[in-house]
Amino acid sequence: MTNPNHVQNGGFEQSSPPALPPFWSGSGETQSGGTQLLGDNNARLLTPGETITQTLLPLQAGEQYQFQAAFSTSAGAGTIDVDITGISTRTFQALRVPGDRYAFYNFDFIATGTTASLIITNNSDADLRVDVVSVKLTNPNHVQNGGFEQSSPPALPPFWSGSGDTQSGGSQLLGNNSALLAPGETITQTLLPLQAGEQYQFLAAFASAAGTGTIDVDIIGEATHKFQAANVSGFFTFYNFNFIAAGTTASLIITNNSNGNLSVDVVSVKLTNPNHVQNGGFEQSSPPALPPFWSGSGETQSGGTQLLGDNNARLLTPGETITQTLLPLQAGEQYQFQAAFSTSAGAGTIDVDITGISTRAFQADNVSVGVIYTFYNFDFIAAGTTASLIITNNSNADLRVDVVSVKLA
């Protein structure tokens with residue numbers, strides 16, 4: 001079933017800059033003209049202490065939700081604070097959020113009542129931009145102490161063990177602690193019981209100082225999932241993959257097989273919906289060919305240009321595309337498109353077309369820079385059961401794409 005967003009006007013598309021309404025209020029403002037990530041508008045919290053706030057659509061008391069938003073700030077100190085009625089303030093370290101590009105950040109919380117207000121406050125020393133804000137129901141996390149908040153630095157326990165350690169003092173993304181893995185070090189835990197044969201998503205925030213090597217994620221019954229460390233951000237950014245649980249009992253092991261330190265925070269393993277994109281990681285393609293399932297003027301690549309696995313897609317010049325027919329959708333249901341993008345573009349857009357909805361345009365100069373991948377997403381309502389997905393590079397530089405999905409939201 002559809003999982004609606006309890007934030008209204010979460011992308012600020014209904015606002016008329018610089019006004020915040022409808023739904024939003026506060027001391028911040030809205031902007032356009034290229035400062036946004038997606039669509040036409042974003043919010044800006046210019047000075048420390050500025051806020052944006054709204055009353056959320058009714059929640060279900062006792063249920064688990066996920067807050068998510070795209071942030072961009074050049075701050076060197078301070079925090080980005082998110083308050084939701086009934087829960088403690090969630091604090092992102094602003095220094096660990098990228099300055100000239102957007103990335104998505106999230107946390108889970110349990111609703112304490114049906115009525116709640118959301119307040120985002122810029123308590124950093126620089127301008128903060130915000131876009132694509134959502135609060136949605138989410139599944140339980142099978143990782144315990146996924147944010148290392150129950151650990152006492154430098155110890156890893158409870159639940160975690162391994163050769164890495166925990167840190168605080170500003171090295172974390174969210175809360176008070178994170179994990180640090182020097183080259184060759186690991187962190188591991190036994191996951192809460194899974195459902196054999198069901199599809200799950202691994203998600204974690206990584207910050208890597210590496211120039212070579214991989215970040216390896218092992219889950220019992222699964223082949224090792226390898227992220228190219230050189231293509232992972234030096235700021236904290238969330239990375240994910242899907243897997244089918246081979247049994248009820250599984251261990252999670254994260255290994256730093258790169259040549260630089262790796263920071264890890266906000267780790268989760270949750271049930272997820274099936275992907276309606278086939279060969280979304282281009283692993284079934286033989287570079288430079290795009291098939292199976294994909295076609296278009298782009299090509300596939302390997303040799304270190306990918307984020308995850310062996311391959312990625314490359315749209316070299318403006319106007320190049322990749323496209324496929326999605327597996328059947330449910331008309332009227334809400335879906336989420338997500339993909340990892342990397343581009344050095346200074347202008348133009350990355351356009352995503354899905355049959356029956358208007359083009360969604362990401363501002364290319366606000367998407368992860370150079371070789372670094374970041375995941376980007378948006379929600380849409382399926383107009384029919386049959387739909388094509390088209391990704392077009394309408395920027396002024398090379399675009400790399402990996403780990404594409406369309407799932408029920």
# chains A, B, ... in the order shown; residues from 1 in each chain; ligands from 1
call {"tool": "residues_around", "arguments": {"residues": "A:Ile350", "least_positions_apart": "4", "cutoff": "8 Å", "atoms": "only C-alpha atoms", "output": "tab-separated table (two decimals) with C-alpha atoms, in the first residue's frame"}}
result
chain	number	residue	atom	x	y	z
A	361	ALA	CA	14.84	17.71	-13.02
A	362	PHE	CA	17.80	17.58	-10.64
A	363	GLN	CA	20.09	20.63	-10.79
A	364	ALA	CA	23.34	19.07	-11.96
A	391	ILE	CA	17.27	9.21	-17.48
A	392	THR	CA	18.71	12.04	-19.59
A	393	ASN	CA	21.95	13.96	-19.11
A	394	ASN	CA	21.00	17.55	-19.91
A	395	SER	CA	24.04	18.96	-18.10
call {"tool": "select_by_dssp", "arguments": {"residues": "stretch 83-120 of chain A", "states": "strand (DSSP E)", "output": "ChimeraX atom specification"}}
result
/A:83-84,90-93,103-110,117-120
call {"tool": "closest_residue", "arguments": {"among": "A:Ala345, A:Val277, A:Ala397, A:Ala103", "to": "A:Tyr373", "atoms": "only C-alpha atoms"}}
result
A:Ala103
call {"tool": "residues_around", "arguments": {"residues": "stretch 65-81 of chain A", "least_positions_apart": "5", "cutoff": "7 Å", "atoms": "only C-alpha atoms", "output": "PyMOL selection string"}}
result
chain A and resi 89-95+97-110+120-138
call {"tool": "residues_around", "arguments": {"residues": "stretch 55-57 of chain A", "least_positions_apart": "5", "cutoff": "6 Å", "atoms": "only C-alpha atoms", "output": "VMD selection string"}}
result
chain A and resid 6 to 7 116 to 117
call {"tool": "closest_residue", "arguments": {"among": "A:Leu156, A:Leu308, A:Ala19, A:Ile215", "to": "A:Asn242", "atoms": "only C-alpha atoms"}}
result
A:Leu308
call {"tool": "atom_distance", "arguments": {"atom1": "atom CA of A:Val82", "atom2": "atom CA of A:Asn9"}}
result
17.3 Å
